[in-house]
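Student: Submitted below is the structure of interest, expressed as C-alpha cells.
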Amino acid sequence: MATKKLAIIATKGTLDWGYPPFILASTAAALGYDVQIFFTFYGLQLLRKSLNHLKVTSIGNPGMPMPMPMPVLLQALPGMQSFMTTMMKSTMKKKGVASLEDLRSLCAEADVKMIGCQMTVDLFGFSPSDFIPGIEMGGAATFFEFAGESDICLFM
Amino acid sequence: MATCDKELDARGLNCPLPILRTKKALNDLTGGQTLRVVATDPGAIKDFQAFAKQTGNELVESGEANGEFTFVLRKKA
C-alpha cells in the first residue's frame with residue numbers, strides 16, 4: 001500500500017488556531033502518513049522560535065466559552081486578551097492538552113515537513129533567524145508539488 | 001492479565017498525546033512484542049481502534065475500569 005499523504009495550509013496565527021494543524025499533522029504522521037504543512041500569512045507565527053506571543057481572543061469570536069457572560073466592549077479593554085490567553089493556557093494544562101511547542105516538536109520528530117511562505121516572510125519583514133531550524137521556504141508552486149499528489153488537503 | 005513487553009502510562013493526557021506516545025513506544029519494540037497502554041481520555045477507545053486498523057498493529061485487548069482505559073497492542077511483524 002502506498003504511503004498516504006496529508007497536505008495542510010496553516011493561515012492563522014492565534015493560540016487556538018495553532019492547534020488544528022499541529023494535532024492533525026502529528027497524528028497523521030503517527031498513522032504513517034507523509035505530511036507537509038505550508039505556513040502562510042498569519043500562520044507563519046506558528047514557526048517562530050518562541051510561541052509565547054500567541055494569543056487567543058474572544059473579540060469577533062462569540063463561540064469562545066467564557067467563565068462568565070461579558071459585554072463585548074468590556075472584552076476589548078486593555079489586558080483582557082492577555083488575561084484570556086493565560087486562562088486558556090492554564091485550562092489546557094489542567095486538562096492534559098499538550099502545549100503548541102510540544103506538538104510542534106512532535107511534528108518535527110515525526111518528519112512532518114514544514115514550509116514557510118517566502119512571499120509572506122518578505123511581506124512582513126521576517127528574517128530566517130526568526131524561525132525554528134529545519135523548515136524550508138517556498139512558494140505556492142512548492143506547495144502544489146506535494147499537495148497535487150496528496151490524499152487529503154486541508155486549509156486552516 | 002498477561003505481562004507485556006512494555007508499559008505506557010498515558011493517564012491525564014489528552015488527544016492526540018496518548019496516540020503519539022503509543023506510536024513512539026511501539027518504535028522501541030520489535031514485531032510481535034506487546035505494549036500495554038493505560039489512558040484516561042474517553043476519546044481513546046475509538047482512537048486506539050482507529051490507530052490499530054490504520055497502522056496494522058493489532059489491538060489485542062481493550063478494557064475499562066474505574067475511569068481508566070487499558071489497551072494492549074501487538075506490534076506488526
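By order in the C-alpha cells, chains are A, B, ...; within a chain, residues start at 1; ligands start at 1, following the order shown.
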Restrict the distance test to only C-alpha atoms, flag each residue of chain B within 9 Å of chain A, and return the flagged residues as JSON, numbers by chain.
Tutor: {"B": [11, 12, 13, 14, 15, 16, 17, 19, 20, 22, 23, 24, 51, 52, 54, 55]}
Student: Write the selection just made, keeping C-alpha atoms, as a short mmCIF file (atom, residue, chain, number, x, y, z; two decimals), in the first residue's frame?
Tutor:
data_model
loop_
_atom_site.label_atom_id
_atom_site.label_comp_id
_atom_site.auth_asym_id
_atom_site.auth_seq_id
_atom_site.Cartn_x
_atom_site.Cartn_y
_atom_site.Cartn_z
CA ARG B 11 -3.17 8.87 32.16
CA GLY B 12 -4.14 12.55 32.32
CA LEU B 13 -3.06 13.13 28.73
CA ASN B 14 -5.50 14.43 26.16
CA CYS B 15 -5.86 13.93 22.40
CA PRO B 16 -3.61 13.39 20.47
CA LEU B 17 -0.91 12.67 23.07
CA ILE B 19 -1.68 8.04 20.35
CA LEU B 20 1.58 9.92 19.75
CA THR B 22 1.93 4.97 21.81
CA LYS B 23 3.45 5.30 18.38
CA LYS B 24 6.76 6.28 19.99
CA PHE B 51 -4.95 3.54 15.20
CA ALA B 52 -4.78 -0.26 15.15
CA GLN B 54 -4.75 2.04 10.11
CA THR B 55 -1.29 1.00 11.26
#
Student: Just want the 9 Å neighbourhood of Glu7 in chain B, counted on only C-alpha atoms, with same-chain residues fewer than 2 positions away dropped. Output as a VMD selection string.
Tutor: chain B and resid 4 to 5 9 25 34 to 38
Student: Could those selected residues go to a file with N, CA and C atoms, as a short mmCIF file (atom, residue, chain, number, x, y, z; two decimals), in the first residue's frame?
Tutor:
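again.cif, written as the output of this step:
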data_model
loop_
_atom_site.label_atom_id
_atom_site.label_comp_id
_atom_site.auth_asym_id
_atom_site.auth_seq_id
_atom_site.Cartn_x
_atom_site.Cartn_y
_atom_site.Cartn_z
N CYS B 4 3.19 -7.66 29.53
CA CYS B 4 3.51 -7.10 28.23
C CYS B 4 4.99 -6.77 28.18
N ASP B 5 5.50 -6.58 26.98
CA ASP B 5 6.91 -6.26 26.83
C ASP B 5 7.21 -4.82 27.25
N ASP B 9 2.18 4.74 30.46
CA ASP B 9 1.20 5.44 31.28
C ASP B 9 0.80 6.73 30.57
N ALA B 25 6.32 4.57 21.64
CA ALA B 25 6.64 3.38 22.43
C ALA B 25 6.75 2.15 21.54
N THR B 34 4.44 -6.90 22.67
CA THR B 34 3.19 -6.24 23.07
C THR B 34 3.44 -5.02 23.96
N LEU B 35 2.51 -4.09 23.86
CA LEU B 35 2.56 -2.84 24.62
C LEU B 35 1.24 -2.65 25.35
N ARG B 36 1.32 -2.37 26.64
CA ARG B 36 0.09 -2.06 27.38
C ARG B 36 0.04 -0.54 27.63
N VAL B 37 -1.09 0.06 27.27
CA VAL B 37 -1.28 1.50 27.46
C VAL B 37 -2.44 1.73 28.41
N VAL B 38 -2.23 2.59 29.41
CA VAL B 38 -3.33 2.99 30.29
C VAL B 38 -3.61 4.47 30.03
#
Student: Can you work out which one of B:Pro42, B:Arg21, B:Thr3, B:Leu8 has the shortest atom-to-atom distance to Ala65 in chain B, counting only C-alpha atoms?
Tutor: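 Of B:Pro42, B:Arg21, B:Thr3, B:Leu8, the one nearest Ala65 in chain B is B:Pro42, counting only C-alpha atoms.
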Student: Where does DSSP see strand (DSSP E or B) in range 2-63 of chain B, if you list the residues as a ChimeraX atom specification?
Tutor: /B:6-10,34-39,58-63
Student: Save the residues we just selected, N, CA and C atoms, as a tab-separated table (two decimals), in the first residue's frame?
Tutor:
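New file selection_7.tsv:
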chain	number	residue	atom	x	y	z
B	6	LYS	N	6.19	-3.98	27.18
B	6	LYS	CA	6.40	-2.58	27.55
B	6	LYS	C	5.10	-2.00	28.09
B	7	GLU	N	5.23	-1.04	29.02
B	7	GLU	CA	4.05	-0.38	29.60
B	7	GLU	C	4.12	1.10	29.30
B	8	LEU	N	2.97	1.71	29.03
B	8	LEU	CA	2.93	3.15	28.80
B	8	LEU	C	1.81	3.76	29.63
B	9	ASP	N	2.18	4.74	30.46
B	9	ASP	CA	1.20	5.44	31.28
B	9	ASP	C	0.80	6.73	30.57
B	10	ALA	N	-0.40	6.74	30.00
B	10	ALA	CA	-0.88	7.93	29.29
B	10	ALA	C	-2.03	8.57	30.05
B	34	THR	N	4.44	-6.90	22.67
B	34	THR	CA	3.19	-6.24	23.07
B	34	THR	C	3.44	-5.02	23.96
B	35	LEU	N	2.51	-4.09	23.86
B	35	LEU	CA	2.56	-2.84	24.62
B	35	LEU	C	1.24	-2.65	25.35
B	36	ARG	N	1.32	-2.37	26.64
B	36	ARG	CA	0.09	-2.06	27.38
B	36	ARG	C	0.04	-0.54	27.63
B	37	VAL	N	-1.09	0.06	27.27
B	37	VAL	CA	-1.28	1.50	27.46
B	37	VAL	C	-2.44	1.73	28.41
B	38	VAL	N	-2.23	2.59	29.41
B	38	VAL	CA	-3.33	2.99	30.29
B	38	VAL	C	-3.61	4.47	30.03
B	39	ALA	N	-4.88	4.79	29.75
B	39	ALA	CA	-5.24	6.16	29.43
B	39	ALA	C	-6.52	6.55	30.16
B	58	GLU	N	-1.98	-4.87	15.97
B	58	GLU	CA	-3.22	-5.49	16.42
B	58	GLU	C	-3.61	-5.04	17.82
B	59	LEU	N	-4.88	-4.65	17.98
B	59	LEU	CA	-5.41	-4.32	19.29
B	59	LEU	C	-5.89	-5.62	19.93
B	60	VAL	N	-5.05	-6.17	20.82
B	60	VAL	CA	-5.31	-7.50	21.37
B	60	VAL	C	-6.35	-7.44	22.48
B	61	GLU	N	-6.33	-6.31	23.20
B	61	GLU	CA	-7.16	-6.22	24.40
B	61	GLU	C	-7.57	-4.77	24.58
B	62	SER	N	-8.80	-4.57	25.05
B	62	SER	CA	-9.29	-3.23	25.26
B	62	SER	C	-10.27	-3.29	26.41
B	63	GLY	N	-10.01	-2.55	27.47
B	63	GLY	CA	-10.88	-2.66	28.63
B	63	GLY	C	-11.02	-1.36	29.38
Student: Just want the 8 Å neighbourhood of Ser150 in chain A, counted on only C-alpha atoms, with same-chain residues fewer than 2 positions away dropped. Output as a list in words.
Tutor: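 Counting only the stated atoms, we get Lys4, Lys5, Leu6, Ala7, Phe146, Ala147, Gly148, Ile152 and Cys153 of chain A.
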Student: Keeping only C-alpha atoms, write those residues as a short mmCIF file (atom, residue, chain, number, x, y, z; two decimals), in the first residue's frame.
Tutor:
data_model
loop_
_atom_site.label_atom_id
_atom_site.label_comp_id
_atom_site.auth_asym_id
_atom_site.auth_seq_id
_atom_site.Cartn_x
_atom_site.Cartn_y
_atom_site.Cartn_z
CA LYS A 4 -0.86 8.25 2.22
CA LYS A 5 -0.17 11.95 2.05
CA LEU A 6 -1.68 14.83 4.01
CA ALA A 7 -1.16 18.44 2.94
CA PHE A 146 3.24 17.84 -2.69
CA ALA A 147 -0.46 18.80 -2.44
CA GLY A 148 -1.14 17.69 -6.00
CA ILE A 152 -6.08 14.76 1.95
CA CYS A 153 -5.64 18.51 1.63
#
